[in-house]
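Here is the structure we will look at.
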There are 2 protein chains.
Amino acid sequence: MKKHIYIYSPSSAVRDKAAFRRGVARLKRLGHEVELDPDALSSHQRFAGDDPTRLASIDRAAASGADVALISRGGYGLTRILSGLPYKKLEKAIARGTQFVGLSDFTALQTALLAKTGALSWAGPALGEDFGVEGGPDDIMEACFDDLLQGQGEGTGWRLPAGDMPQGLEAGLSIRDAQLWGGNLSVLVSLLGTPYWPEVKGGVLFLEDVNEHPYRIERMLTQLLHAGVLARQKAIVFGQFSGYKLVPHDKGFKLASVLAWLRAQLKTPVLSGLPFGHVPTKVLLPVGAKVELAVDGRDAFLVWGHL
Amino acid sequence: MKKHIYIYSPSSAVRDKAAFRRGVARLKRLGHEVELDPDALSSHQRFAGDDPTRLASIDRAAASGADVALISRGGYGLTRILSGLPYKKLEKAIARGTQFVGLSDFTALQTALLAKTGALSWAGPALGEDFGVEGGPDDIMEACFDDLLQGQGEGTGWRLPAGDMPQGLEAGLSIRDAQLWGGNLSVLVSLLGTPYWPEVKGGVLFLEDVNEHPYRIERMLTQLLHAGVLARQKAIVFGQFSGYKLVPHDKGFKLASVLAWLRAQLKTPVLSGLPFGHVPTKVLLPVGAKVELAVDGRDAFLVWGHL
């Protein structure tokens, strides 16, 4: 079914215009109406336009009446304009049926929106890196995106990594009525202590990151730990942490060390392997929705029902 | 005058043992008694020993009765052991006359100590990178360190960069009775929202960092801004931000852009050029002390009197 997709750039400037064009072409080939924000390709320093320009583009996305407002890309730029975001307009647009989709820097908007309004947005793909990738989009990502467009997705499942079964889950896990939140760890943590931080209790917190060395991942997790955020959740779910490089100095310190350390500090179960992050195969996740999380053997299920 | 210096490793493992030895030799040549912690050269993964080992070394530094307890190096390792630090022992050691000196990851200990006890420590050199540097230590750093050892330093001064005079300071600036705090921006920000964060009001906050791109520096400053931390200070003082690389994507975005943006968000004066950071020429700064900060033309003075 043909849907209306609005493309805008709230964060970094689009430099890979070929990927941008391929992404637009792909969405059109899938039969959708693609509307481009007039500043989708604007550039000011490293940003997709200066701060007022990007704020205006977010306003237009909220006013577009589209089925989905999709970011062109992430990068950096949202945290510095959080005090100017049109939270009420975004909330109303979402109530009218516009789904806001994105990841990475977009975590700032999603998390602040949750804090300010409780409105639901989707952690999911970006236009260029996901739909515009050379060789074509990932099948699973595209199927999940289509589910969202057609109002059909009601959950997701994945296999817990064989080498990374958390202790104490041998008998399975069943969590109900938990608010799903999270996204990019660096961006999320950069909101802690600010008015844009949602005080989620009893939630399911999912995390991913790219190009961050495990010691930095650990330092950020330690901040959430010491702030009491992790212990207040019913579960922590690691998505994909990609793009970092271990160095000789690490001498065996790696992401698995971070996970093991974190689990030793915390009673809250920490799962891993969620297919979400800066990787081609990513599911869409409703930030702010009430979810059920179940583990049965090595199978994990995250269910939000009909939204 | 001969002093007793205790060398210990609370953070990363020492890999450059030649620099370590040169540093020890240099301090001995200056006439001091240098005592090495038994785990100063220990190694576990990327750390100078596992967590209990490093905590024990901090305990021994506090019990050493030394005039100065100096870190071998920074790196990473203190944030994850903050809940186990011997705050009371450190406070007592400081009251008995042991000065704790360090930087970078050491900011975590200094800041948490300030939050938990109010005790004063020194932002200053590390053994290897400062005293053990090939070609010999920086004269100014060494003179400031000697001032501390001899109980003679009462302040420091520097020239504000010609191209970076903040607006509104043409008539000068005179701040009194302000608590000095700060250090490494990444490490400091990683404590925000945790029990290790000191609620300093009306302070002078100094900041430095290394290998952090200006957009990351800006994101961290934005967090402090949104948390209300910056507006509660009487002044923000930028030390040296070094080691980062601008990229083509920046298109004119640079550290000066960050400073200009920050100043536009904030009434608190933001000075720059303080000789402190991951650079050879660094002064020693008493974290937690009451200071006066004055600006006269391009000359800035930070005075703490006799401590």
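By order of appearance in the structure tokens: chains A, B, ..., then residues from 1 within every chain, and ligands from 1 in the order shown.
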Exercise. Can you list, as a list in words, every protein, DNA or RNA residue that comes within 9 Å of Gly75 of chain B when you count only C-alpha atoms, leaving out same-chain residues fewer than 6 positions away?
Worked result: Ser11, Ser12, Ala13, Arg46, Phe47, Ser104, Asp105 and Phe106 of chain B
For this session: Find the residues near segment 182-195 of chain A: any atom within 9 Å, counting only C-alpha atoms, skip ones fewer than 4 places away on the same chain, and give them as a PyMOL selection string.
Result: (chain A and resi 79+103-108+110-112+115-116+123+204-210+212+217+220-221+223-224+227+239+276-277+287-288) or (chain B and resi 189-190+192-194+219-220+222-228)
For this session: To one decimal in Å, tell me the separation between atom CA of Leu160 of chain A and atom CA of Leu274 of chain A.
Result: 7.8 Å
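Using only C-alpha atoms, the nearest neighbour of Trp304 of chain B within the list B:Gln152, B:Gln167, B:Ser83, B:Gln265 is B:Gln152.
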Residues near Val237 of chain A, cut-off 6 Å, only C-alpha atoms, skip fewer than 3 positions along chain, as a CSV table (one decimal) with N, CA and C atoms, in the first residue's frame:
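The result, written out as result.csv:
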chain,number,residue,atom,x,y,z
A,206,PHE,N,17.3,-0.6,25.8
A,206,PHE,CA,18.2,-1.2,24.8
A,206,PHE,C,19.3,-0.2,24.4
A,270,VAL,N,21.0,-8.8,31.9
A,270,VAL,CA,21.5,-8.1,30.7
A,270,VAL,C,21.6,-9.1,29.5
A,271,LEU,N,20.8,-8.9,28.6
A,271,LEU,CA,20.8,-9.7,27.4
A,271,LEU,C,21.6,-9.1,26.3
A,272,SER,N,22.0,-9.9,25.3
A,272,SER,CA,22.7,-9.3,24.2
A,272,SER,C,22.2,-9.8,22.9
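Counting from atom CA of Lys17 of chain B, the distance to atom CA of Gly77 of chain B is 18.8 Å.
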Problem set entry | Those in segment 22-166 of chain A with strand (DSSP E or B) from DSSP, as a PyMOL selection string | chain A and resi 33-36+44+47+68-71+99-102+121-123+155-159
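Non-sequential neighbours of Gly97 of chain A (distance at most 9 Å, separation of 3 or more positions within a chain, only C-alpha atoms) are A:Gly65, A:Ala66, A:Asp67, A:Val68, A:Lys92, A:Ala93, A:Ile94.
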Restricted to N, CA, C and O atoms, what would the selected residues look like written as a PDB file, in the first residue's frame?
ATOM      1  N   GLY A  65       2.108  15.672   7.729  1.00  0.00           N
ATOM      2  CA  GLY A  65       1.009  14.719   7.585  1.00  0.00           C
ATOM      3  C   GLY A  65       1.440  13.393   6.988  1.00  0.00           C
ATOM      4  O   GLY A  65       0.598  12.567   6.610  1.00  0.00           O
ATOM      5  N   ALA A  66       2.754  13.179   6.909  1.00  0.00           N
ATOM      6  CA  ALA A  66       3.255  11.937   6.318  1.00  0.00           C
ATOM      7  C   ALA A  66       2.941  10.744   7.214  1.00  0.00           C
ATOM      8  O   ALA A  66       2.654  10.895   8.407  1.00  0.00           O
ATOM      9  N   ASP A  67       3.009   9.557   6.628  1.00  0.00           N
ATOM     10  CA  ASP A  67       2.887   8.343   7.432  1.00  0.00           C
ATOM     11  C   ASP A  67       4.167   8.112   8.228  1.00  0.00           C
ATOM     12  O   ASP A  67       4.118   7.669   9.374  1.00  0.00           O
ATOM     13  N   VAL A  68       5.290   8.386   7.580  1.00  0.00           N
ATOM     14  CA  VAL A  68       6.577   8.235   8.256  1.00  0.00           C
ATOM     15  C   VAL A  68       7.447   9.454   7.975  1.00  0.00           C
ATOM     16  O   VAL A  68       7.552   9.892   6.820  1.00  0.00           O
ATOM     17  N   LYS A  92       1.596  15.980  18.705  1.00  0.00           N
ATOM     18  CA  LYS A  92       0.337  16.019  17.950  1.00  0.00           C
ATOM     19  C   LYS A  92       0.472  15.278  16.627  1.00  0.00           C
ATOM     20  O   LYS A  92      -0.454  14.570  16.209  1.00  0.00           O
ATOM     21  N   ALA A  93       1.593  15.461  15.952  1.00  0.00           N
ATOM     22  CA  ALA A  93       1.806  14.762  14.674  1.00  0.00           C
ATOM     23  C   ALA A  93       1.767  13.254  14.884  1.00  0.00           C
ATOM     24  O   ALA A  93       1.192  12.515  14.073  1.00  0.00           O
ATOM     25  N   ILE A  94       2.380  12.808  15.967  1.00  0.00           N
ATOM     26  CA  ILE A  94       2.400  11.367  16.263  1.00  0.00           C
ATOM     27  C   ILE A  94       0.986  10.885  16.576  1.00  0.00           C
ATOM     28  O   ILE A  94       0.567   9.824  16.115  1.00  0.00           O
TER      29      ILE A  94
END
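For segment 124-136 of chain B, the set of protein, DNA and RNA residues having any atom at most 6 Å away, when counting only C-alpha atoms and skipping those fewer than 5 positions along the same chain, is Ala19, Phe20, Arg22, Gly23, Ile71, Ser72, Arg73, Val101, Gly102, Leu103 and Leu284 of chain B.
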For this session: Would you mind writing down, as a PyMOL selection string, each residue of segment 62-215 of chain B that DSSP on the backbone assigns to helix (DSSP H, G or I)?
Result: chain B and resi 62-63+79-84+87-95+106-117+127-131+139-150+162-164+185-189+214-215
Exercise. With only C-alpha atoms as the atoms that count, which of B:Ile140, B:Val14, B:Leu149, B:Leu120 lies nearest to His32 of chain B?
Worked result: B:Leu149
Excluding same-chain residues fewer than 2 positions from Pro52 of chain B, what lies within 12 Å of it counting only C-alpha atoms, as a CSV table (one decimal) with N, CA and C atoms, in the first residue's frame?
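Below you can see part29.csv, which holds the result:
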chain,number,residue,atom,x,y,z
B,10,PRO,N,46.6,4.1,39.9
B,10,PRO,CA,45.2,3.8,40.1
B,10,PRO,C,44.4,3.5,38.9
B,39,ASP,N,52.5,-2.3,43.5
B,39,ASP,CA,51.8,-2.6,42.3
B,39,ASP,C,51.8,-1.5,41.2
B,44,HIS,N,46.8,-5.9,34.5
B,44,HIS,CA,45.6,-6.8,34.4
B,44,HIS,C,44.8,-6.2,33.3
B,47,PHE,N,44.4,-2.5,32.8
B,47,PHE,CA,44.5,-1.8,34.1
B,47,PHE,C,45.8,-2.1,34.8
B,48,ALA,N,46.2,-1.3,35.7
B,48,ALA,CA,47.3,-1.5,36.5
B,48,ALA,C,47.0,-2.4,37.7
B,49,GLY,N,46.6,-3.6,37.3
B,49,GLY,CA,46.1,-4.6,38.3
B,49,GLY,C,44.6,-4.6,38.3
B,50,ASP,N,44.0,-5.7,38.8
B,50,ASP,CA,42.5,-5.7,38.9
B,50,ASP,C,42.0,-4.7,39.9
B,54,ARG,N,44.1,-2.2,42.5
B,54,ARG,CA,44.2,-0.8,42.4
B,54,ARG,C,43.7,-0.1,43.6
B,55,LEU,N,42.6,-0.6,44.2
B,55,LEU,CA,42.0,0.0,45.4
B,55,LEU,C,43.0,-0.1,46.5
B,56,ALA,N,43.7,-1.3,46.6
B,56,ALA,CA,44.7,-1.4,47.7
B,56,ALA,C,45.9,-0.5,47.5
B,57,SER,N,46.2,-0.2,46.3
B,57,SER,CA,47.3,0.7,46.0
B,57,SER,C,46.9,2.2,46.4
B,58,ILE,N,45.7,2.5,46.2
B,58,ILE,CA,45.2,3.8,46.7
B,58,ILE,C,45.2,3.9,48.2
B,59,ASP,N,44.8,2.8,48.8
B,59,ASP,CA,44.9,2.7,50.3
B,59,ASP,C,46.3,2.9,50.8
B,77,GLY,N,40.3,3.6,34.5
B,77,GLY,CA,40.1,2.6,35.5
B,77,GLY,C,39.5,3.1,36.8
B,78,LEU,N,39.5,4.4,37.0
B,78,LEU,CA,38.9,4.9,38.3
B,78,LEU,C,37.4,5.0,38.4
B,80,ARG,N,35.2,3.0,37.4
B,80,ARG,CA,34.5,1.7,37.8
B,80,ARG,C,34.8,1.3,39.2
B,81,ILE,N,35.7,2.0,39.9
B,81,ILE,CA,35.9,1.6,41.3
B,81,ILE,C,35.6,2.7,42.3
B,82,LEU,N,34.8,3.7,41.8
B,82,LEU,CA,34.5,4.8,42.7
B,82,LEU,C,33.7,4.4,43.9
B,83,SER,N,32.9,3.4,43.8
B,83,SER,CA,32.1,3.0,45.0
B,83,SER,C,33.0,2.3,46.1
B,84,GLY,N,34.2,2.0,45.7
B,84,GLY,CA,35.1,1.3,46.7
B,84,GLY,C,36.2,2.2,47.2
B,85,LEU,N,36.3,3.4,46.8
B,85,LEU,CA,37.4,4.3,47.2
B,85,LEU,C,37.4,4.6,48.7
B,86,PRO,N,38.6,4.7,49.3
B,86,PRO,CA,38.7,4.9,50.7
B,86,PRO,C,38.6,6.4,51.0
For this session: Using only C-alpha atoms, pick whichever of B:Phe301, B:Tyr244, B:Trp181, B:Phe100 has the shortest atom-to-atom distance to Gly155 of chain B.
Result: B:Phe301
Problem set entry | Interatomic distance (Å, one decimal) between atom CA of Val303 of chain A and atom CA of Arg263 of chain A | 24.0 Å
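Nearest residue to Tyr215 of chain A among B:Asp16, B:Gln45, B:Pro286, B:Lys254 is B:Gln45, counting only C-alpha atoms.
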